[in-house]
Amino acid sequence: MKPEEILSLAEFESIAPEHMSPMALAYVSGGAADELTMHANNEDWRRIKLKPRVLVDVSHLDLSTELFGHKMDTPILLAPAAFHRLFHPDAELATVAGANHAKATMVMSSYATEAVESVTAVAKHPIWFQLYTQTDKELTREMVERAQAAGCKALCVTVDTPVLGARHRESRSHFHLPADFKLPNLNLGAISHRPVRGAIYSELLNPQLTWKDIEWLRSIAKVPLLLKGVVNPDDALHAANSGVDGLIVSNHGARNLDTLPSTAQALPRIAEKIQGRIPLLVDGGIRRGTDILKAIALGATSVLVGRPYLYALAAAGSQGVARVLEILKTELEMAMALTGRTTIKEIDRSVLWE
């Protein structure tokens, strides 16, 4: 099937298993423990009902938004995800090619299998860098400085992963990186994000990360600094008071702690606490243009998608990634027109049936 014949993100998910190893499929599709939060991430967006306005001139739509001084064609970014080479031989270079075609921002993972310089060199639109801090503070500094030198326009610090969750699908697949895989942005050699049996701590994750480290990162960052992985409104307020530039409301794709609220539940509570002081982005379960409309109505500036573009990357390479973004853009346009909203700024809680 050609990418242009795919009509929904769910179709990419359905065909992706034919194009990836069982281990890669387990890695990307699994959640934590009983996967209750993973299912809630999807279902809770669907449960929110829309309240359209009719007899509005919707002959011209503007999906553009602005983040940190950069105008984006749509409020849709590619979320950070590790190990793209598991899904396609061209790895993150295929992903960024798809982002280029769709004029979208890609957030690159610390665990990318391509060097940050290689990705930014071919990117036509902003690249952000997702940072997993290390217990070695100087290594963390080197990662920040390298990402900034490569031209990354923002840093997204993952703050919700001192340890991994109970990822049973991943464990049953005996997940390991192939011997020829490299993590060129870490310079740590052949070590794993997974702990040894009977332990919870990993060589690649930092259980010592605290608010003092965020203050230090803020002091050395020359680009906007966002925290990724916030669901507690009190943490969100602390972040705003600490001088961070933005938040990504995220439960890590429900891959760490099960029975967390969905991001559709967490987002409005955080937005109420923050009161527009800093931009809020959200990921988790975004599968339709209507989901994006609802997220913006609940206080998000932009959304990020993760699993859908990895399924598409496996199935159709860069064209698949571009098609995911095209589908979401088209569906968002439809949702805006059918609810009587012509710009992103017009989308607020009045579009929701509450």
# chains A, B, ... in the order shown; residues from 1 in each chain; ligands from 1
>>> select_by_dssp(residues="segment 136-298 of chain A", states="strand (DSSP E)", output="JSON, numbers by chain")
{"A": [155, 156, 157, 158, 225, 226, 227, 228, 229, 230, 246, 247, 248, 249, 280, 281, 282]}
>>> residues_around(residues="segment 299-312 of chain A", least_positions_apart="3", cutoff="8 Å", atoms="only C-alpha atoms", output="mmCIF file with N, CA and C atoms, in the first residue's frame")
data_model
loop_
_atom_site.group_PDB
_atom_site.id
_atom_site.type_symbol
_atom_site.label_atom_id
_atom_site.label_comp_id
_atom_site.auth_asym_id
_atom_site.auth_seq_id
_atom_site.Cartn_x
_atom_site.Cartn_y
_atom_site.Cartn_z
ATOM 1 N N LEU A 9 -3.956 7.207 11.085
ATOM 2 C CA LEU A 9 -2.775 6.743 11.801
ATOM 3 C C LEU A 9 -2.942 5.298 12.248
ATOM 4 N N ALA A 10 -4.167 4.891 12.530
ATOM 5 C CA ALA A 10 -4.423 3.514 12.948
ATOM 6 C C ALA A 10 -4.051 2.525 11.856
ATOM 7 N N PHE A 12 -1.538 2.798 9.741
ATOM 8 C CA PHE A 12 -0.090 2.589 9.819
ATOM 9 C C PHE A 12 0.245 1.613 10.947
ATOM 10 N N GLU A 13 -0.421 1.762 12.078
ATOM 11 C CA GLU A 13 -0.157 0.860 13.201
ATOM 12 C C GLU A 13 -0.506 -0.579 12.832
ATOM 13 N N ALA A 16 2.311 -1.928 10.396
ATOM 14 C CA ALA A 16 3.698 -1.818 10.841
ATOM 15 C C ALA A 16 4.318 -3.144 11.262
ATOM 16 N N VAL A 28 8.151 -0.559 20.836
ATOM 17 C CA VAL A 28 7.393 0.649 20.502
ATOM 18 C C VAL A 28 5.939 0.566 20.952
ATOM 19 N N SER A 29 5.386 -0.619 21.007
ATOM 20 C CA SER A 29 3.941 -0.715 21.245
ATOM 21 C C SER A 29 3.582 -0.932 22.711
ATOM 22 N N THR A 65 1.167 28.595 14.312
ATOM 23 C CA THR A 65 1.331 28.991 15.699
ATOM 24 C C THR A 65 2.783 29.374 15.901
ATOM 25 N N LEU A 67 6.152 29.320 18.597
ATOM 26 C CA LEU A 67 6.787 28.801 19.799
ATOM 27 C C LEU A 67 8.197 29.345 19.879
ATOM 28 N N PRO A 75 0.539 23.152 14.631
ATOM 29 C CA PRO A 75 0.934 22.937 16.020
ATOM 30 C C PRO A 75 1.253 21.475 16.312
ATOM 31 N N ILE A 76 2.008 20.834 15.423
ATOM 32 C CA ILE A 76 2.294 19.400 15.536
ATOM 33 C C ILE A 76 3.802 19.183 15.439
ATOM 34 N N LEU A 77 4.389 18.538 16.446
ATOM 35 C CA LEU A 77 5.812 18.209 16.451
ATOM 36 C C LEU A 77 5.975 16.691 16.530
ATOM 37 N N LEU A 78 7.156 16.224 16.113
ATOM 38 C CA LEU A 78 7.512 14.817 16.286
ATOM 39 C C LEU A 78 8.166 14.649 17.655
ATOM 40 N N ALA A 79 7.585 13.824 18.501
ATOM 41 C CA ALA A 79 8.085 13.614 19.847
ATOM 42 C C ALA A 79 9.420 12.866 19.812
ATOM 43 N N PRO A 80 10.237 13.051 20.847
ATOM 44 C CA PRO A 80 11.496 12.297 20.897
ATOM 45 C C PRO A 80 11.232 10.813 21.107
ATOM 46 N N ALA A 81 11.965 9.999 20.390
ATOM 47 C CA ALA A 81 11.875 8.541 20.520
ATOM 48 C C ALA A 81 13.251 7.958 20.229
ATOM 49 N N HIS A 84 15.791 4.932 16.352
ATOM 50 C CA HIS A 84 15.042 4.864 15.102
ATOM 51 C C HIS A 84 15.585 3.803 14.144
ATOM 52 N N PHE A 87 13.671 0.701 13.384
ATOM 53 C CA PHE A 87 12.485 0.762 12.544
ATOM 54 C C PHE A 87 12.793 1.005 11.073
ATOM 55 N N LEU A 267 -3.722 17.708 31.459
ATOM 56 C CA LEU A 267 -3.499 18.990 30.787
ATOM 57 C C LEU A 267 -4.369 20.124 31.330
ATOM 58 N N PRO A 268 -5.692 19.983 31.441
ATOM 59 C CA PRO A 268 -6.492 21.138 31.901
ATOM 60 C C PRO A 268 -6.172 21.537 33.336
ATOM 61 N N ALA A 271 -2.980 23.532 33.036
ATOM 62 C CA ALA A 271 -3.268 24.828 32.410
ATOM 63 C C ALA A 271 -3.925 25.780 33.401
ATOM 64 N N PRO A 279 4.444 28.294 27.767
ATOM 65 C CA PRO A 279 3.752 27.403 26.838
ATOM 66 C C PRO A 279 3.650 25.987 27.392
ATOM 67 N N LEU A 280 2.510 25.359 27.125
ATOM 68 C CA LEU A 280 2.288 23.957 27.453
ATOM 69 C C LEU A 280 2.163 23.161 26.160
ATOM 70 N N LEU A 281 2.925 22.090 26.062
ATOM 71 C CA LEU A 281 2.778 21.139 24.978
ATOM 72 C C LEU A 281 2.290 19.836 25.592
ATOM 73 N N VAL A 282 1.738 18.955 24.792
ATOM 74 C CA VAL A 282 1.205 17.711 25.334
ATOM 75 C C VAL A 282 1.433 16.576 24.343
ATOM 76 N N ASP A 283 1.716 15.396 24.874
ATOM 77 C CA ASP A 283 1.765 14.192 24.038
ATOM 78 C C ASP A 283 0.953 13.100 24.722
ATOM 79 N N GLY A 284 0.869 11.948 24.076
ATOM 80 C CA GLY A 284 0.165 10.824 24.663
ATOM 81 C C GLY A 284 -1.210 10.604 24.072
ATOM 82 N N GLY A 285 -1.313 9.658 23.134
ATOM 83 C CA GLY A 285 -2.612 9.271 22.598
ATOM 84 C C GLY A 285 -3.173 10.146 21.510
ATOM 85 N N ILE A 286 -2.391 11.095 21.009
ATOM 86 C CA ILE A 286 -2.874 11.967 19.922
ATOM 87 C C ILE A 286 -2.902 11.145 18.634
ATOM 88 N N ARG A 287 -4.093 10.889 18.130
ATOM 89 C CA ARG A 287 -4.233 10.036 16.938
ATOM 90 C C ARG A 287 -5.118 10.660 15.854
ATOM 91 N N ILE A 292 -6.106 16.957 18.484
ATOM 92 C CA ILE A 292 -5.285 18.171 18.511
ATOM 93 C C ILE A 292 -6.144 19.380 18.856
ATOM 94 N N ALA A 295 -6.871 19.257 22.517
ATOM 95 C CA ALA A 295 -5.696 19.593 23.323
ATOM 96 C C ALA A 295 -5.468 21.099 23.371
ATOM 97 N N ILE A 296 -5.613 21.749 22.232
ATOM 98 C CA ILE A 296 -5.444 23.213 22.199
ATOM 99 C C ILE A 296 -6.542 23.882 23.016
ATOM 100 N N ALA A 315 6.976 1.282 8.192
ATOM 101 C CA ALA A 315 6.187 0.836 7.049
ATOM 102 C C ALA A 315 6.583 1.510 5.745
ATOM 103 N N ALA A 316 6.980 2.789 5.810
ATOM 104 C CA ALA A 316 7.174 3.535 4.562
ATOM 105 C C ALA A 316 8.286 4.572 4.634
ATOM 106 N N GLY A 317 9.170 4.482 5.609
ATOM 107 C CA GLY A 317 10.306 5.391 5.668
ATOM 108 C C GLY A 317 9.902 6.842 5.803
ATOM 109 N N GLY A 320 6.386 7.766 4.957
ATOM 110 C CA GLY A 320 5.412 7.432 5.987
ATOM 111 C C GLY A 320 5.340 8.498 7.057
ATOM 112 N N VAL A 321 6.504 8.979 7.500
ATOM 113 C CA VAL A 321 6.533 10.043 8.507
ATOM 114 C C VAL A 321 5.798 11.277 7.986
ATOM 115 N N ARG A 323 3.531 11.383 5.746
ATOM 116 C CA ARG A 323 2.101 11.108 5.588
ATOM 117 C C ARG A 323 1.362 11.209 6.921
ATOM 118 N N VAL A 324 1.981 10.763 8.015
ATOM 119 C CA VAL A 324 1.367 10.914 9.336
ATOM 120 C C VAL A 324 1.078 12.387 9.614
ATOM 121 N N ASP A 348 -10.669 27.519 21.901
ATOM 122 C CA ASP A 348 -10.635 27.589 23.359
ATOM 123 C C ASP A 348 -11.686 26.627 23.907
#
>>> residues_around(residues="Ala97 of chain A", least_positions_apart="6", cutoff="10 Å", atoms="only C-alpha atoms", output="mmCIF file with C-alpha atoms, in the first residue's frame")
data_model
loop_
_atom_site.group_PDB
_atom_site.id
_atom_site.type_symbol
_atom_site.label_atom_id
_atom_site.label_comp_id
_atom_site.auth_asym_id
_atom_site.auth_seq_id
_atom_site.Cartn_x
_atom_site.Cartn_y
_atom_site.Cartn_z
ATOM 1 C CA ASP A 90 18.194 5.253 7.564
ATOM 2 C CA LYS A 103 7.632 21.457 7.428
ATOM 3 C CA VAL A 119 20.427 15.460 11.620
ATOM 4 C CA VAL A 122 19.959 18.191 6.691
ATOM 5 C CA ALA A 123 17.027 19.625 8.654
ATOM 6 C CA LYS A 124 15.066 22.378 6.952
ATOM 7 C CA GLY A 317 10.306 5.391 5.668
ATOM 8 C CA SER A 318 10.408 9.154 5.302
ATOM 9 C CA GLN A 319 7.271 9.132 3.156
ATOM 10 C CA VAL A 321 6.533 10.043 8.507
ATOM 11 C CA ALA A 322 5.441 12.822 6.162
#
>>> closest_residue(among="A:Ser350, A:Thr37, A:Ser8, A:Ser118", to="Thr259 of chain A", atoms="only C-alpha atoms")
A:Thr37
>>> closest_residue(among="A:Leu257, A:Ala337, A:Met108, A:Leu325", to="Val231 of chain A", atoms="only C-alpha atoms")
A:Leu257
>>> closest_residue(among="A:Leu332, A:Ala33, A:Met38, A:Ala24", to="His168 of chain A", atoms="only C-alpha atoms")
A:Ala33
>>> select_by_dssp(residues="segment 187-290 of chain A", states="helix (DSSP H, G or I)", output="PyMOL selection string")
chain A and resi 211-220+233-241+252-254+263-274+289-290
>>> write_last_selection(atoms="N, CA and C atoms", output="compact mmCIF listing (two decimals), in the first residue's frame")
# COMPACT_ATOMS: atom_id res chain seq x y z
N TRP A 211 15.54 19.46 41.35
CA TRP A 211 15.28 20.83 40.91
C TRP A 211 16.57 21.66 40.86
N LYS A 212 17.54 21.36 41.70
CA LYS A 212 18.81 22.09 41.65
C LYS A 212 19.51 21.87 40.32
N ASP A 213 19.39 20.66 39.78
CA ASP A 213 19.99 20.39 38.47
C ASP A 213 19.28 21.16 37.36
N ILE A 214 17.98 21.32 37.50
CA ILE A 214 17.25 22.11 36.50
C ILE A 214 17.72 23.56 36.54
N GLU A 215 17.94 24.10 37.73
CA GLU A 215 18.48 25.46 37.85
C GLU A 215 19.85 25.56 37.17
N TRP A 216 20.67 24.54 37.37
CA TRP A 216 21.99 24.53 36.74
C TRP A 216 21.86 24.46 35.21
N LEU A 217 20.98 23.60 34.72
CA LEU A 217 20.78 23.50 33.28
C LEU A 217 20.28 24.82 32.71
N ARG A 218 19.38 25.47 33.42
CA ARG A 218 18.88 26.75 32.98
C ARG A 218 20.03 27.76 32.86
N SER A 219 21.02 27.66 33.74
CA SER A 219 22.13 28.61 33.74
C SER A 219 23.08 28.39 32.57
N ILE A 220 23.14 27.16 32.05
CA ILE A 220 24.08 26.90 30.94
C ILE A 220 23.38 26.83 29.58
N PRO A 233 0.15 19.19 38.71
CA PRO A 233 0.04 20.65 38.62
C PRO A 233 0.99 21.39 39.55
N ASP A 234 1.29 20.82 40.72
CA ASP A 234 2.22 21.47 41.64
C ASP A 234 3.63 21.50 41.08
N ASP A 235 4.03 20.40 40.40
CA ASP A 235 5.32 20.39 39.73
C ASP A 235 5.35 21.42 38.60
N ALA A 236 4.24 21.54 37.91
CA ALA A 236 4.16 22.51 36.81
C ALA A 236 4.36 23.93 37.34
N LEU A 237 3.73 24.24 38.46
CA LEU A 237 3.88 25.58 39.04
C LEU A 237 5.31 25.80 39.52
N HIS A 238 5.91 24.79 40.13
CA HIS A 238 7.30 24.88 40.56
C HIS A 238 8.20 25.16 39.36
N ALA A 239 7.94 24.48 38.25
CA ALA A 239 8.74 24.68 37.04
C ALA A 239 8.63 26.11 36.54
N ALA A 240 7.40 26.62 36.49
CA ALA A 240 7.21 27.99 36.03
C ALA A 240 7.95 28.98 36.94
N ASN A 241 7.89 28.72 38.23
CA ASN A 241 8.58 29.59 39.19
C ASN A 241 10.09 29.45 39.12
N HIS A 252 5.06 9.88 29.53
CA HIS A 252 6.07 9.06 28.85
C HIS A 252 5.41 7.97 28.00
N GLY A 253 4.32 8.35 27.35
CA GLY A 253 3.61 7.36 26.54
C GLY A 253 3.08 6.21 27.36
N ALA A 254 2.88 6.44 28.66
CA ALA A 254 2.41 5.42 29.60
C ALA A 254 3.38 4.24 29.68
N THR A 263 -2.97 12.11 29.70
CA THR A 263 -2.57 13.50 29.48
C THR A 263 -3.78 14.38 29.19
N ALA A 264 -4.86 13.81 28.65
CA ALA A 264 -6.09 14.58 28.47
C ALA A 264 -6.67 15.00 29.82
N GLN A 265 -6.48 14.20 30.86
CA GLN A 265 -6.92 14.56 32.20
C GLN A 265 -5.97 15.56 32.85
N ALA A 266 -4.67 15.36 32.67
CA ALA A 266 -3.69 16.19 33.36
C ALA A 266 -3.60 17.60 32.77
N LEU A 267 -3.72 17.71 31.46
CA LEU A 267 -3.50 18.99 30.79
C LEU A 267 -4.37 20.12 31.33
N PRO A 268 -5.69 19.98 31.44
CA PRO A 268 -6.49 21.14 31.90
C PRO A 268 -6.17 21.54 33.34
N ARG A 269 -5.80 20.60 34.18
CA ARG A 269 -5.44 20.92 35.55
C ARG A 269 -4.14 21.72 35.61
N ILE A 270 -3.21 21.35 34.76
CA ILE A 270 -1.95 22.10 34.70
C ILE A 270 -2.18 23.47 34.09
N ALA A 271 -2.98 23.53 33.04
CA ALA A 271 -3.27 24.83 32.41
C ALA A 271 -3.92 25.78 33.40
N GLU A 272 -4.80 25.26 34.23
CA GLU A 272 -5.46 26.10 35.24
C GLU A 272 -4.44 26.63 36.25
N LYS A 273 -3.46 25.81 36.58
CA LYS A 273 -2.44 26.21 37.54
C LYS A 273 -1.47 27.23 36.95
N ILE A 274 -1.12 27.06 35.68
CA ILE A 274 -0.09 27.88 35.05
C ILE A 274 -0.64 29.22 34.55
N GLY A 289 -6.98 14.54 14.21
CA GLY A 289 -7.02 16.00 14.22
C GLY A 289 -7.94 16.54 15.27
N THR A 290 -9.01 15.81 15.56
CA THR A 290 -9.92 16.25 16.64
C THR A 290 -9.21 16.22 17.99
>>> closest_residue(among="A:His60, A:Arg146, A:Lys137, A:Lys345", to="Gln208 of chain A", atoms="only C-alpha atoms")
A:Lys137
>>> residues_around(residues="Val157 of chain A", least_positions_apart="2", cutoff="10 Å", atoms="only C-alpha atoms", output="ChimeraX atom specification")
/A:110,129-133,154-155,159-160,214,217,225-229,247-248
>>> closest_residue(among="A:Asn185, A:Phe175, A:Tyr111, A:Val58", to="Val144 of chain A", atoms="only C-alpha atoms")
A:Asn185
>>> closest_residue(among="A:Ser109, A:Ser242, A:Asn42, A:Thr210", to="Ser262 of chain A", atoms="only C-alpha atoms")
A:Asn42
